[in-house]
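Undergrad: Next comes the structure file coords20.cif, holding mmCIF, C-alpha atoms and all ligand atoms.
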data_input
#
loop_
_atom_site.label_atom_id
_atom_site.label_comp_id
_atom_site.auth_asym_id
_atom_site.auth_seq_id
_atom_site.Cartn_x
_atom_site.Cartn_y
_atom_site.Cartn_z
CA MET K 1 31.25 3.20 18.09
CA SER K 2 31.82 5.55 21.01
CA ASP K 3 32.59 8.56 18.83
CA PHE K 4 29.44 8.11 16.75
CA THR K 5 26.80 10.78 17.14
CA PRO K 6 23.64 9.90 15.27
CA THR K 7 21.58 12.36 13.29
CA ILE K 8 17.99 12.05 14.43
CA ARG K 9 14.87 13.66 13.02
CA ALA K 10 11.87 14.08 15.29
CA PHE K 11 8.39 14.98 14.15
CA CYS K 12 6.06 16.18 16.84
CA CYS K 13 2.64 17.71 16.87
CA HIS K 14 1.96 21.21 17.98
CA TYR K 15 0.25 20.07 21.16
CA THR K 16 2.83 17.68 22.56
CA SER K 17 5.69 20.09 21.91
CA GLN K 18 3.98 23.34 22.84
CA GLN K 19 5.37 23.77 26.30
CA THR K 20 8.76 22.37 25.44
CA CYS K 21 9.25 24.67 22.52
CA ALA K 22 8.10 27.71 24.45
CA GLU K 23 11.44 27.55 26.19
CA GLY K 24 13.33 28.04 22.96
CA PRO K 25 16.40 26.12 21.80
CA GLU K 26 18.55 27.31 24.69
CA GLY K 27 16.07 26.11 27.29
CA LEU K 28 15.79 22.78 25.53
CA LYS K 29 19.52 22.33 25.55
CA GLN K 30 19.75 23.14 29.24
CA ASP K 31 17.11 20.54 29.98
CA GLY K 32 19.19 17.89 28.27
CA PHE K 33 17.48 17.66 24.88
CA PRO K 34 20.17 16.14 22.63
CA GLU K 35 21.53 18.63 20.11
CA ASN K 36 21.73 15.98 17.41
CA VAL K 37 17.93 15.66 17.37
CA SER K 38 16.29 18.10 14.99
CA LEU K 39 12.68 18.90 15.74
CA PHE K 40 10.05 19.28 13.05
CA ARG K 41 6.75 20.54 14.34
CA VAL K 42 3.58 19.69 12.44
CA PRO K 43 0.01 20.79 13.22
CA CYS K 44 -0.94 17.14 13.74
CA THR K 45 1.14 13.96 13.36
CA GLY K 46 -1.77 12.48 11.40
CA LYS K 47 -0.63 14.75 8.61
CA LEU K 48 2.69 12.91 8.28
CA GLN K 49 2.91 10.67 5.25
CA VAL K 50 4.97 7.49 5.01
CA SER K 51 6.93 9.21 2.25
CA THR K 52 7.90 12.08 4.60
CA LEU K 53 9.28 9.57 7.08
CA LEU K 54 11.14 7.65 4.37
CA GLN K 55 12.48 10.93 2.99
CA ALA K 56 14.27 11.44 6.30
CA PHE K 57 16.17 8.19 5.69
CA GLU K 58 16.88 9.29 2.12
CA ASP K 59 18.29 12.48 3.65
CA GLU K 60 20.70 10.19 5.55
CA VAL K 61 19.48 10.54 9.09
CA ASP K 62 20.23 7.60 11.38
CA GLY K 63 16.93 7.56 13.20
CA VAL K 64 13.45 9.05 13.11
CA TYR K 65 10.73 9.34 15.70
CA VAL K 66 7.28 10.81 15.97
CA VAL K 67 5.66 12.28 19.06
CA GLY K 68 1.89 12.56 19.04
CA CYS K 69 -0.97 12.78 21.52
CA PRO K 70 -2.11 9.72 23.50
CA ALA K 71 -3.80 7.34 21.07
CA GLU K 72 -7.22 7.68 22.67
CA SER K 73 -7.17 11.41 23.29
CA CYS K 74 -5.61 13.01 20.26
CA HIS K 75 -6.48 16.67 19.83
CA ASN K 76 -7.53 15.77 16.29
CA VAL K 77 -9.33 12.58 17.33
CA LYS K 78 -7.37 9.97 15.34
CA GLY K 79 -4.30 11.89 14.19
CA SER K 80 -1.79 10.13 16.42
CA GLN K 81 -3.32 6.71 15.65
CA ARG K 82 -2.79 7.41 11.97
CA ALA K 83 0.78 8.46 12.68
CA ALA K 84 1.40 5.25 14.64
CA LYS K 85 0.15 3.20 11.67
CA ARG K 86 2.48 5.05 9.33
CA VAL K 87 5.41 4.57 11.67
CA ALA K 88 4.53 0.86 11.71
CA ALA K 89 4.48 0.88 7.89
CA VAL K 90 7.98 2.37 7.84
CA LYS K 91 9.15 -0.22 10.37
CA LYS K 92 7.91 -2.90 7.98
CA ALA K 93 9.62 -1.19 5.05
CA LEU K 94 12.90 -1.01 7.00
CA GLU K 95 12.60 -4.73 7.71
CA GLU K 96 12.04 -5.36 4.00
CA LEU K 97 15.22 -3.40 3.35
CA GLY K 98 17.11 -5.46 5.91
CA VAL K 99 17.52 -2.49 8.26
CA GLU K 100 16.80 -2.41 12.01
CA PRO K 101 13.13 -1.41 12.48
CA ASP K 102 14.08 0.30 15.76
CA ARG K 103 15.47 3.15 13.71
CA ILE K 104 11.99 4.58 13.79
CA ALA K 105 9.69 4.90 16.79
CA MET K 106 6.34 6.34 17.80
CA TYR K 107 5.76 8.02 21.15
CA HIS K 108 2.40 9.03 22.54
CA MET K 109 2.27 11.59 25.32
CA GLU K 110 0.10 14.18 26.99
CA ARG K 111 0.48 17.71 25.84
CA GLY K 112 3.08 19.74 27.63
CA PHE K 113 4.60 16.80 29.47
CA HIS K 114 8.00 18.32 29.40
CA PRO K 115 10.23 15.71 31.09
CA GLU K 116 8.79 12.89 29.01
CA PHE K 117 9.36 14.82 25.82
CA ILE K 118 13.04 15.22 26.71
CA ALA K 119 13.25 11.58 27.85
CA ALA K 120 11.93 10.33 24.50
CA ALA K 121 14.67 12.24 22.67
CA GLN K 122 17.31 10.90 25.01
CA GLN K 123 16.04 7.35 24.71
CA MET K 124 16.02 7.56 20.92
CA ASP K 125 19.52 9.04 20.97
CA LYS K 126 20.68 6.09 23.07
CA THR K 127 18.98 3.49 20.85
CA ILE K 128 20.35 4.91 17.62
CA THR K 129 23.84 5.42 19.04
CA LYS K 130 23.84 1.73 19.93
CA LEU K 131 22.62 0.73 16.45
CA GLY K 132 25.33 2.79 14.77
CA PRO K 133 25.15 4.64 11.44
CA SER K 134 22.19 3.90 9.19
CA PRO K 135 23.03 1.33 6.49
CA LEU K 136 20.77 3.38 4.21
CA LYS K 137 23.48 6.02 3.95
CA GLY K 138 25.21 3.62 1.63
CA GLU K 139 28.52 3.89 3.45
CA ALA K 140 28.81 0.23 4.30
CA ALA K 141 29.12 -1.01 0.71
CA MET U 142 -12.49 -2.38 -9.41
CA ILE U 143 -9.35 -4.38 -9.94
CA ILE U 144 -7.57 -4.99 -6.65
CA ALA U 145 -3.79 -5.26 -6.43
CA GLU U 146 -1.09 -5.15 -3.80
CA ARG U 147 2.53 -4.18 -4.00
CA LYS U 148 4.98 -6.99 -4.57
CA PRO U 149 7.51 -7.64 -1.82
CA LEU U 150 10.30 -5.12 -2.10
CA ALA U 151 13.00 -7.80 -2.38
CA GLU U 152 11.31 -9.16 -5.49
CA ILE U 153 11.19 -5.73 -7.13
CA VAL U 154 14.78 -4.95 -6.19
CA GLU U 155 15.87 -8.30 -7.65
CA MET U 156 14.06 -7.86 -10.98
CA THR U 157 15.44 -4.36 -11.49
CA ARG U 158 18.94 -5.05 -10.25
CA ASN U 159 20.62 -4.58 -13.62
CA HIS U 160 19.02 -1.25 -14.40
CA GLU U 161 20.41 2.13 -13.49
CA ASN U 162 17.54 4.34 -14.52
CA ILE U 163 14.06 3.20 -13.65
CA LEU U 164 10.69 4.81 -14.20
CA VAL U 165 8.18 3.80 -11.53
CA LEU U 166 4.87 4.30 -13.28
CA GLY U 167 1.54 4.49 -11.49
CA CYS U 168 -1.99 4.50 -12.81
CA ARG U 169 -4.87 6.74 -11.78
CA GLY U 170 -7.44 3.99 -12.28
CA CYS U 171 -8.38 1.13 -9.95
CA VAL U 172 -4.94 0.84 -8.34
CA THR U 173 -5.19 4.43 -7.15
CA VAL U 174 -8.55 3.70 -5.53
CA CYS U 175 -7.26 0.55 -3.82
CA SER U 176 -4.05 2.34 -2.76
CA ALA U 177 -1.75 -0.09 -4.54
CA GLY U 178 -0.34 1.86 -7.47
CA GLY U 179 -1.39 5.49 -7.45
CA GLU U 180 0.73 8.59 -7.11
CA ARG U 181 1.35 8.07 -3.40
CA GLU U 182 2.40 4.45 -3.78
CA VAL U 183 4.70 5.40 -6.67
CA GLU U 184 6.40 7.90 -4.41
CA LEU U 185 6.86 5.25 -1.72
CA LEU U 186 8.15 2.52 -4.00
CA ALA U 187 10.57 4.92 -5.69
CA SER U 188 11.89 5.92 -2.28
CA LEU U 189 12.27 2.28 -1.20
CA ILE U 190 14.08 1.30 -4.43
CA ARG U 191 16.48 4.23 -3.97
CA LEU U 192 17.12 3.31 -0.34
CA GLY U 193 17.61 -0.37 -1.23
CA ALA U 194 20.14 0.50 -3.91
CA LYS U 195 21.94 2.92 -1.66
CA LYS U 196 22.25 0.28 1.03
CA GLU U 197 23.92 -2.03 -1.48
CA GLY U 198 26.13 0.80 -2.74
CA ARG U 199 24.51 0.71 -6.18
CA LYS U 200 23.91 3.82 -8.24
CA ILE U 201 20.38 4.20 -9.45
CA THR U 202 18.10 6.93 -10.72
CA VAL U 203 14.45 6.40 -9.99
CA GLN U 204 11.93 8.62 -11.72
CA GLU U 205 8.27 8.79 -10.84
CA GLY U 206 5.30 9.09 -13.16
CA VAL U 207 1.57 8.39 -13.25
CA LEU U 208 -0.65 7.85 -16.29
CA VAL U 209 -4.39 8.49 -16.37
CA ARG U 210 -4.72 4.82 -17.27
CA GLN U 211 -2.27 2.21 -18.47
CA CYS U 212 -4.96 0.17 -20.23
CA ASP U 213 -5.56 2.65 -23.06
CA LYS U 214 -3.27 3.12 -26.02
CA GLU U 215 -3.47 6.89 -26.04
CA TYR U 216 -2.24 7.18 -22.45
CA VAL U 217 0.55 4.65 -22.91
CA ASP U 218 1.55 6.55 -26.06
CA SER U 219 1.98 9.64 -23.93
CA LEU U 220 5.15 7.99 -22.60
CA ASP U 221 6.75 9.15 -25.87
CA SER U 222 6.77 12.65 -24.51
CA TRP U 223 8.66 11.60 -21.38
CA LYS U 224 11.56 14.03 -21.32
CA ASN U 225 14.03 11.97 -19.37
CA GLY U 226 15.29 8.63 -20.56
CA TYR U 227 14.89 5.41 -18.55
CA ASP U 228 16.02 1.89 -19.20
CA ALA U 229 13.12 0.07 -17.57
CA ILE U 230 9.62 0.69 -16.29
CA VAL U 231 8.22 -0.72 -13.07
CA SER U 232 4.49 -0.50 -13.64
CA MET U 233 2.29 -0.22 -10.59
CA ALA U 234 -0.85 -0.69 -12.67
CA CYS U 235 -2.66 -4.03 -12.71
CA GLY U 236 -1.38 -6.72 -15.06
CA VAL U 237 -3.36 -5.14 -17.88
CA GLY U 238 -1.16 -2.06 -17.70
CA VAL U 239 2.03 -4.10 -17.77
CA ASN U 240 0.76 -6.03 -20.79
CA PHE U 241 -0.26 -2.85 -22.57
CA ILE U 242 3.17 -1.34 -22.15
CA ALA U 243 4.75 -4.58 -23.37
CA ASN U 244 2.34 -4.66 -26.35
CA LEU U 245 2.90 -1.09 -27.38
CA ARG U 246 6.56 -0.52 -26.61
CA PRO U 247 8.52 -3.37 -28.15
CA SER U 248 11.93 -2.22 -26.95
CA THR U 249 11.06 -1.09 -23.43
CA MET U 250 11.66 -3.46 -20.52
CA VAL U 251 8.67 -3.46 -18.19
CA TYR U 252 8.29 -5.14 -14.79
CA PRO U 253 5.23 -5.64 -12.57
CA GLY U 254 5.37 -3.68 -9.32
CA VAL U 255 2.15 -5.18 -7.96
CA ASN U 256 0.38 -8.50 -7.77
CA THR U 257 -3.05 -8.18 -9.38
CA THR U 258 -5.34 -10.14 -7.14
CA PHE U 259 -9.02 -9.90 -8.01
CA PHE U 260 -12.13 -7.89 -8.94
CA GLY U 261 -13.51 -6.62 -5.72
CA GLY U 262 -14.89 -3.86 -3.62
CA SER U 263 -13.92 -2.07 -0.45
CA GLN U 264 -15.59 -3.80 2.50
CA ASP U 265 -14.13 -1.43 5.09
CA GLN U 266 -11.40 1.14 4.93
CA GLY U 267 -8.29 -0.82 3.97
CA VAL U 268 -10.16 -4.11 3.39
CA TRP U 269 -11.16 -5.41 -0.04
CA THR U 270 -13.02 -8.59 -0.93
CA GLU U 271 -13.49 -10.47 -4.17
CA GLN U 272 -16.96 -10.15 -5.70
CA CYS U 273 -16.82 -11.21 -9.36
CA ALA U 274 -14.55 -13.46 -11.39
CA GLY U 275 -15.36 -12.07 -14.83
CA CYS U 276 -16.82 -15.38 -15.98
CA GLY U 277 -18.35 -13.86 -19.11
CA ASN U 278 -21.82 -15.30 -18.55
CA CYS U 279 -23.30 -13.67 -15.49
CA VAL U 280 -25.77 -15.64 -13.38
CA LEU U 281 -26.49 -13.00 -10.75
CA HIS U 282 -30.16 -12.80 -11.81
CA LEU U 283 -30.51 -16.38 -10.54
CA THR U 284 -28.58 -15.97 -7.33
CA GLY U 285 -29.99 -12.87 -5.74
CA GLY U 286 -27.12 -10.73 -6.95
CA LEU U 287 -24.51 -12.72 -5.03
CA CYS U 288 -21.81 -14.42 -7.10
CA PRO U 289 -21.22 -18.15 -6.61
CA VAL U 290 -18.40 -18.22 -9.18
CA ALA U 291 -16.18 -15.80 -7.29
CA ARG U 292 -17.48 -16.20 -3.77
CA CYS U 293 -17.99 -19.96 -3.39
CA ALA U 294 -14.69 -21.76 -2.78
CA LYS U 295 -15.82 -24.43 -5.25
CA SER U 296 -17.61 -22.11 -7.70
CA LEU U 297 -20.67 -24.31 -7.34
CA MET U 298 -23.63 -23.52 -9.56
CA ASN U 299 -26.00 -25.66 -7.47
CA GLY U 300 -24.93 -24.99 -3.92
CA PRO U 301 -24.57 -25.24 -1.06
CA CYS U 302 -22.16 -28.14 -1.02
CA GLY U 303 -23.41 -29.52 2.29
CA GLY U 304 -20.29 -28.67 4.23
CA SER U 305 -21.18 -25.20 5.38
CA GLN U 306 -21.47 -24.72 9.13
CA ASN U 307 -23.23 -21.91 10.94
CA GLY U 308 -23.32 -19.96 7.72
CA LYS U 309 -19.59 -20.24 7.19
CA CYS U 310 -17.76 -21.93 4.33
CA GLU U 311 -16.21 -25.31 5.03
CA ILE U 312 -13.06 -24.29 3.20
CA HIS U 313 -12.50 -20.96 4.95
CA SER U 314 -14.22 -20.76 8.31
CA GLU U 315 -13.94 -16.96 8.42
CA VAL U 316 -15.77 -16.55 5.09
CA ASP U 317 -19.55 -16.60 4.76
CA CYS U 318 -20.93 -19.53 2.76
CA ILE U 319 -22.17 -17.63 -0.26
CA TRP U 320 -24.83 -20.25 -0.97
CA GLN U 321 -26.22 -19.79 2.52
CA MET U 322 -26.31 -16.06 1.82
CA ILE U 323 -27.96 -16.62 -1.55
CA HIS U 324 -30.60 -18.79 0.14
CA ASP U 325 -31.24 -16.31 2.94
CA ARG U 326 -31.45 -13.40 0.56
CA LEU U 327 -33.80 -15.14 -1.85
CA GLU U 328 -35.97 -16.12 1.11
CA ARG U 329 -36.13 -12.51 2.29
CA LEU U 330 -37.08 -11.46 -1.22
CA ASP U 331 -39.76 -14.16 -1.31
CA ARG U 332 -38.02 -15.97 -4.13
CA LYS U 333 -36.79 -19.03 -2.26
CA GLU U 334 -38.16 -21.38 -4.92
CA GLN U 335 -35.40 -20.16 -7.25
CA MET U 336 -33.10 -22.38 -5.20
CA LEU U 337 -34.91 -25.41 -6.57
CA GLU U 338 -34.01 -24.67 -10.15
CA VAL U 339 -31.14 -26.87 -11.20
CA ALA U 340 -28.48 -25.01 -13.09
CA PRO U 341 -27.27 -26.99 -16.10
CA ILE U 342 -23.65 -27.83 -16.64
CA ARG U 343 -21.91 -24.65 -17.57
CA ASP U 344 -19.95 -23.84 -20.66
CA TRP U 345 -16.85 -22.24 -19.18
CA ARG U 346 -15.41 -21.07 -22.49
CA THR U 347 -16.64 -17.56 -21.73
CA ALA U 348 -14.64 -17.67 -18.51
CA GLY U 349 -11.32 -17.84 -20.29
CA HIS U 350 -11.19 -21.61 -20.57
CA GLY U 351 -11.53 -21.12 -24.32
CA GLY U 352 -8.43 -18.96 -24.57
CA PRO U 353 -7.95 -15.18 -24.38
CA ARG U 354 -11.21 -13.27 -24.65
CA LYS U 355 -12.05 -10.32 -26.80
CA THR U 356 -14.94 -7.90 -26.98
CA THR U 357 -15.67 -6.01 -30.19
CA ARG U 358 -18.31 -3.34 -30.43
CA ASP U 359 -19.15 -2.49 -34.01
CA ASP U 360 -20.97 0.65 -32.99
CA LEU U 361 -17.75 1.99 -31.49
CA THR U 362 -15.29 1.05 -34.20
CA VAL U 363 -14.88 3.41 -37.13
S1 LIG Z 401 -21.56 -14.82 -12.39
FE1 LIG Z 401 -19.69 -14.36 -13.53
S2 LIG Z 401 -19.92 -12.28 -14.31
FE2 LIG Z 401 -21.51 -12.61 -12.76
S3 LIG Z 401 -20.58 -11.78 -10.88
FE3 LIG Z 401 -20.10 -13.99 -10.92
S4 LIG Z 401 -18.12 -14.14 -11.99
FE4 LIG Z 401 -18.91 -12.09 -12.33
S1 LIG Z 402 -19.51 -24.09 2.21
FE1 LIG Z 402 -20.67 -22.74 0.82
S2 LIG Z 402 -19.15 -21.30 -0.01
FE2 LIG Z 402 -18.02 -22.98 0.92
S3 LIG Z 402 -17.63 -24.42 -0.72
FE3 LIG Z 402 -19.57 -25.09 0.23
S4 LIG Z 402 -21.18 -24.04 -0.88
FE4 LIG Z 402 -19.27 -23.03 -1.46
#
Mind converting the file's structure to structure tokens?
Ligand code: SF4
Ligand code: SF4
TA:
Amino acid sequence: MSDFTPTIRAFCCHYTSQQTCAEGPEGLKQDGFPENVSLFRVPCTGKLQVSTLLQAFEDEVDGVYVVGCPAESCHNVKGSQRAAKRVAAVKKALEELGVEPDRIAMYHMERGFHPEFIAAAQQMDKTITKLGPSPLKGEAA
Amino acid sequence: MIIAERKPLAEIVEMTRNHENILVLGCRGCVTVCSAGGEREVELLASLIRLGAKKEGRKITVQEGVLVRQCDKEYVDSLDSWKNGYDAIVSMACGVGVNFIANLRPSTMVYPGVNTTFFGGSQDQGVWTEQCAGCGNCVLHLTGGLCPVARCAKSLMNGPCGGSQNGKCEIHSEVDCIWQMIHDRLERLDRKEQMLEVAPIRDWRTAGHGGPRKTTRDDLTV
């Protein structure tokens, strides 16, 4: 297990990632953002469809997470609440597939809260490393 | 519209286990409106079937398609022009669609991807409630437009039953007693005396108790 490095896909909205991304990939790395987490920025997490999140698992990532605005103060009013519902739908789908629902998570945070943005990535990295490779890669069978 | 909801994934995976090339087929009619079997739901189910198979180490090809309707011959016939082969269809239309495919395509295996639940309407976003049971002999002119067949737990024609409490049904405490609602509505409309009319015993043959029903319109048949 110790030599397993998970592949993680993160979707974050423009607002929560603004400050973080201004630093560029090098800055992110220096701050401790795990290199195995690939960031996908979207104008609003409310735009994310369940199918986009499932596609990540079809693309054989081990974990997925979404970072959106605080539920009650989303820049686009209800965008991050919608995202949270879709993450919950994928959790349910993972359960139906007999896969750990913790392979997907939703984070809400204020825009530009740099340390928390890094911490979410690190926490997800830790969780998924512990869970091991995704059974949806079809390697177990 | 006809309301449906996707079957549990395990059930769908089980019924399609012996197929290697599946067409998940949606419908742009009611099931699109109630978000059970439209294009988006087809995309999701196809993805879930692929992931489920992959997890079990099974090879499977899942194609996605949507017909304008699955309850009309001409649209089902359009499946003939499907370029890629498939050895089974999972239909996400209501049961009518599944039946139509089975009727019209004698050698195609077809499975239901949804449970067809009722005729209803959207009460709130994401919430649907039953409104009509298709009884074939509508009595809404007598009941203020509110259906006792579909919306009374006992389908009483001369309600209420006497068990309703605080306007709620004695069978389901979270559901309004429809006979209370019928009474209140008729009263508001100054037609309360309609409640005193005793409905005769009903002939339920029109409701399907006389076997499968059929409608023929001479003016439309050539
Ligand atoms: S009386 Fe019959 S046809 Fe009329 S709404 Fe009720 S179930 Fe439908
Ligand atoms: S309480 Fe009202 S809705 Fe419920 S069974 Fe009795 S009459 Fe029908």
Undergrad: Please give me, as a list in words, the residues lying within 6 Å of ligand LIG 402 (chain Z) when counting all atoms listed in the file.
TA: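 Here is the list of contacting residues: Cys293, Ala294, Lys295, Gly300, Pro301, Cys302, Gly304, Ser305, Cys310, Glu311, Ile312, Cys318, Ile319 and Trp320 of chain U.
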Undergrad: Could you pull the residues within 9 Å of segment 149-154 of chain U, counting all atoms listed in the file, minus those fewer than 6 positions along the same chain, as a PyMOL selection string?
TA: (chain K and resi 93+96-97) or (chain U and resi 186+189-190+193-194+231+252-255)
Undergrad: Which protein, DNA or RNA residues have an atom within 8 Å of ligand LIG 401 (chain Z), counting all atoms listed in the file, as a list of chain:residue names?
TA: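 Listing the residues within 8 Å of ligand LIG 401 (chain Z) gives U:Gln272, U:Cys273, U:Ala274, U:Gly275, U:Cys276, U:Gly277, U:Asn278, U:Cys279, U:Val280, U:Leu281, U:Gly286, U:Leu287, U:Cys288, U:Pro289, U:Val290, U:Ala291, U:Arg292, U:Ala348.
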Undergrad: Could you please determine the separation between atom CA of Ala84 of chain K and atom CA of Cys168 of chain U in Å, to one decimal place?
TA: 27.7 Å
Undergrad: In Å, how far is it from atom CA of Val42 of chain K to atom CA of Cys13 of chain K?
TA: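 Separation of atom CA of Val42 of chain K and atom CA of Cys13 of chain K: 4.9 Å.
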Undergrad: Compute the chain U side of the contact with chain K at 7 Å, counting all atoms listed in the file, and hand it back as a list in words.
TA: Leu150, Ala151, Glu184, Leu185, Ser188, Leu192, Gly193, Lys195, Lys196, Glu197 and Gly198 of chain U
Undergrad: Which value, in Å to one decimal, gives the distance between atom CA of Asp102 of chain K and atom CA of Cys44 of chain K?
TA: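 Value for the atom CA of Asp102 of chain K-atom CA of Cys44 of chain K distance: 22.7 Å.
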